[in-house]
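To start, the structure itself, in structure tokens.
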Protein chains: 2
Amino acid sequence: MKEVSHNEAASWWKRPERIVLAVTVDAAQKADIIALGWKMHTSSTPPMYAISIGKLRYSHTLIRQCREFVLAVPGEDLSEEVLFVGTVSGRKVDKFEATGLTPVPAKIVKPPLIKECIVNHECKVVGELDSGDHTIFVGEVLTSWICEEKKQNLSSIGEQSGYVHTGGGKGYRFGIIRP
Amino acid sequence: MKEVSHNEAASWWKRPERIVLAVTVDAAQKADIIALGWKMHTSSTPPMYAISIGKLRYSHTLIRQCREFVLAVPGEDLSEEVLFVGTVSGRKVDKFEATGLTPVPAKIVKPPLIKECIVNHECKVVGELDSGDHTIFVGEVLTSWICEEKKQNLSSIGEQSGYVHTGGGKGYRFGIIRP
């Protein structure tokens, strides 16, 4: 074995990373969307997910105020939208308007669902933990939605074979596992 | 969109889940290994990973005492070992002995590295958060190791095509993405 920097070691195993979107709202109920690779399932009963949000991101401010989020799962047809919401700040742009994604009122939480996503989980923040340059927010799932057509969850991928490359840019490559 | 149970919605997007192993030690320095799918990168600077461990697991007791763990990344050749360490409790079994995996003294932390894994990160627990039936432990990476031969990270997979099925059992299916 060889001792290396964390970054070199991480590059050996960090992909594919399935991507999710987190939808939050500001005090005026204007919605924002962030793209996240750093998320995990974290409880079965009750169902919970943990997401890591960078401390400087606009969504970090919003989720702290709102204490709710929608965890939405993008399919293979949303590479362009994922790249946009992941690389542009919601401080200046209405991301639903800019991407054409369709907000649908949620049943319980304030942030809207995303109609074009394959799965939407309505979540209430039940825990928060400092983690270096990010904060971990734990969301309990209050209810869940699926769309009509099952698609593959979009992933962040490398240069390996085994994938259908669906889009990307700005250093990101998106795709799905080759059927 | 259709409202469904969390489990039904989760089944639409929960795989592939890359698998990691976490190595801990008891007070007598006897090492234990757990297999985890619920993990995420959670900080770039300093590098940190978050792992979710079920509250009833033996590793939960050990990591609470030890405050350190090794995050080891299994490759495509370790299906059988991953199934064993993920489904048998370390309360009764020495998992290194039972699997034939080779413990290698770490440089900084008490738990050993796993020689057969493609990557080993030495981690110190810097945060802990209750999350339903699990606890989230955040580990700061103190140093990292790679092995000589790069392999694909073993994943928990479903019944879809796109994978090389490498093993499994007891309801688990392991594999890697088809080259």
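Every chain in the structure tokens has a letter given in the order shown (A, B, ...), and although residue numbers restart at 1 in each chain, ligands are simply numbered from 1 in the order shown.
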Taking the DSSP secondary structure from the backbone, can you list the residues of region 3-56 of chain B that are helix (DSSP H, G or I), as a list in words? His6, Asn7, Glu8, Ala9, Ala10 and Ser11 of chain B
Next, write the just-selected residues to a file, as an mmCIF file, in the first residue's frame, keeping N, CA and C atoms as the atom set.
data_model
loop_
_atom_site.group_PDB
_atom_site.id
_atom_site.type_symbol
_atom_site.label_atom_id
_atom_site.label_comp_id
_atom_site.auth_asym_id
_atom_site.auth_seq_id
_atom_site.Cartn_x
_atom_site.Cartn_y
_atom_site.Cartn_z
ATOM 1 N N HIS B 6 -42.651 5.530 1.540
ATOM 2 C CA HIS B 6 -41.232 5.828 1.348
ATOM 3 C C HIS B 6 -40.501 4.653 0.724
ATOM 4 N N ASN B 7 -40.789 3.447 1.193
ATOM 5 C CA ASN B 7 -40.075 2.274 0.682
ATOM 6 C C ASN B 7 -40.261 2.081 -0.816
ATOM 7 N N GLU B 8 -41.480 2.284 -1.284
ATOM 8 C CA GLU B 8 -41.713 2.123 -2.719
ATOM 9 C C GLU B 8 -40.938 3.188 -3.499
ATOM 10 N N ALA B 9 -40.986 4.431 -3.022
ATOM 11 C CA ALA B 9 -40.255 5.500 -3.723
ATOM 12 C C ALA B 9 -38.750 5.251 -3.667
ATOM 13 N N ALA B 10 -38.257 4.808 -2.515
ATOM 14 C CA ALA B 10 -36.808 4.588 -2.360
ATOM 15 C C ALA B 10 -36.321 3.499 -3.308
ATOM 16 N N SER B 11 -37.179 2.502 -3.556
ATOM 17 C CA SER B 11 -36.765 1.392 -4.428
ATOM 18 C C SER B 11 -36.516 1.866 -5.858
#
Distance-based interface of chain A with chain B, 7 Å, counting only C-alpha atoms, as a PyMOL selection string: chain A and resi 1-6+9+13+38-46+52+119+129+131-134+143-148+153+161-162+177-179
Write out as number ranges by chain all residues of chain B that DSSP puts in strand (DSSP E or B) for this structure's backbone. B: 2-4, 17-18, 20-25, 31-36, 39-43, 48-54, 68-73, 75, 103-104, 113-114, 119-131, 134-146, 153, 155-156, 163-169, 172-177
Determine, counting only C-alpha atoms, which protein, DNA and RNA residues have an atom within 10 Å of an atom of Phe174 (chain B); residues of the same chain fewer than 6 positions away are not included. Present the result as a compact mmCIF listing (two decimals) with N, CA and C atoms, in the first residue's frame.
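The result, written out as part-v4.txt:
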# COMPACT_ATOMS: atom_id res chain seq x y z
N PRO B 16 -27.25 1.92 -7.98
CA PRO B 16 -26.22 1.22 -7.24
C PRO B 16 -25.77 2.03 -6.03
N GLU B 17 -25.48 1.31 -4.94
CA GLU B 17 -24.97 1.95 -3.73
C GLU B 17 -23.55 1.42 -3.53
N ARG B 18 -22.56 2.27 -3.69
CA ARG B 18 -21.18 1.83 -3.49
C ARG B 18 -20.99 1.44 -2.03
N ILE B 19 -20.28 0.34 -1.81
CA ILE B 19 -20.13 -0.19 -0.46
C ILE B 19 -18.77 0.17 0.12
N GLU B 76 -13.91 -5.34 -6.56
CA GLU B 76 -14.79 -6.34 -7.17
C GLU B 76 -14.53 -7.77 -6.71
N LEU B 78 -14.16 -8.84 -3.57
CA LEU B 78 -14.43 -9.05 -2.14
C LEU B 78 -15.92 -9.26 -1.80
N SER B 79 -16.72 -9.74 -2.75
CA SER B 79 -18.16 -9.94 -2.49
C SER B 79 -18.41 -10.84 -1.29
N GLU B 80 -17.69 -11.94 -1.24
CA GLU B 80 -17.95 -12.91 -0.19
C GLU B 80 -17.59 -12.33 1.18
N VAL B 82 -17.46 -9.14 1.98
CA VAL B 82 -18.40 -8.05 2.30
C VAL B 82 -19.70 -8.63 2.85
N LEU B 83 -20.19 -9.69 2.20
CA LEU B 83 -21.42 -10.32 2.68
C LEU B 83 -21.24 -10.83 4.11
N LEU B 154 -16.84 -2.17 -5.19
CA LEU B 154 -18.00 -3.07 -5.18
C LEU B 154 -19.27 -2.28 -4.82
N SER B 155 -20.36 -2.60 -5.48
CA SER B 155 -21.64 -1.92 -5.20
C SER B 155 -22.73 -2.91 -4.87
N SER B 156 -23.70 -2.44 -4.12
CA SER B 156 -24.95 -3.16 -3.94
C SER B 156 -25.80 -2.83 -5.17
N ILE B 157 -26.26 -3.85 -5.87
CA ILE B 157 -26.97 -3.64 -7.13
C ILE B 157 -28.33 -4.32 -7.10
N GLY B 158 -29.16 -3.97 -8.06
CA GLY B 158 -30.47 -4.61 -8.18
C GLY B 158 -30.43 -5.69 -9.25
N TYR B 163 -24.56 -4.46 -15.17
CA TYR B 163 -23.60 -4.83 -14.13
C TYR B 163 -22.98 -6.20 -14.39
N VAL B 164 -21.79 -6.37 -13.84
CA VAL B 164 -21.24 -7.71 -13.68
C VAL B 164 -21.59 -8.13 -12.27
N HIS B 165 -22.40 -9.18 -12.15
CA HIS B 165 -22.81 -9.68 -10.84
C HIS B 165 -21.65 -10.48 -10.26
N THR B 166 -21.17 -10.07 -9.09
CA THR B 166 -19.96 -10.72 -8.54
C THR B 166 -20.24 -11.60 -7.33
N GLY B 167 -21.47 -11.56 -6.80
CA GLY B 167 -21.77 -12.40 -5.65
C GLY B 167 -22.92 -11.84 -4.85
N GLY B 168 -23.15 -12.44 -3.69
CA GLY B 168 -24.23 -11.96 -2.82
C GLY B 168 -24.85 -13.09 -2.06
Considering only C-alpha atoms, return as a list in words whatever protein or nucleic-acid residues lie within 10 Å of Ile108 (chain A), sequence-local ones (same chain, fewer than 2 positions apart) excluded.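 Contacts, in chain order: Glu68, Pro105, Ala106, Lys110, Pro111, Pro112, Glu122, Cys123, Lys124, Leu142 and Thr143 of chain A.
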Atoms to include: C-alpha atoms. Write the selected residues as a PDB file, in the first residue's frame.
ATOM      1  CA  GLU A  68     -37.930  21.707   5.365  1.00  0.00           C
ATOM      2  CA  PRO A 105     -47.245  22.218  -4.504  1.00  0.00           C
ATOM      3  CA  ALA A 106     -46.198  19.627  -1.940  1.00  0.00           C
ATOM      4  CA  LYS A 110     -43.536  24.528   1.981  1.00  0.00           C
ATOM      5  CA  PRO A 111     -40.978  23.805  -0.798  1.00  0.00           C
ATOM      6  CA  PRO A 112     -42.545  22.491  -4.011  1.00  0.00           C
ATOM      7  CA  GLU A 122     -41.083  15.686   1.380  1.00  0.00           C
ATOM      8  CA  CYS A 123     -38.698  16.145   4.328  1.00  0.00           C
ATOM      9  CA  LYS A 124     -38.655  17.960   7.653  1.00  0.00           C
ATOM     10  CA  LEU A 142     -43.078  12.829   5.670  1.00  0.00           C
ATOM     11  CA  THR A 143     -44.420  11.528   2.376  1.00  0.00           C
TER      12      THR A 143
END
Rounded to one decimal in Å, what is the spacing between CA of Ile63 (chain B) and CA of Thr99 (chain B)?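 Calculated distance between CA of Ile63 (chain B) and CA of Thr99 (chain B) is 21.0 Å.
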Mind checking which residues fall within 8 Å of Ala22 (chain A), counting only C-alpha atoms, ignoring those fewer than 6 positions away in the same chain, and posting them as a list in words? Ile33, Ile34, Ala35, Leu36, Phe69, Val70, Leu71 and Ala72 of chain A
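Each of B:Arg67, B:Val125, B:Asp32, B:Tyr58 was checked against Ala98 (chain B) using only C-alpha atoms; the smallest atom-to-atom distance is that of B:Asp32.
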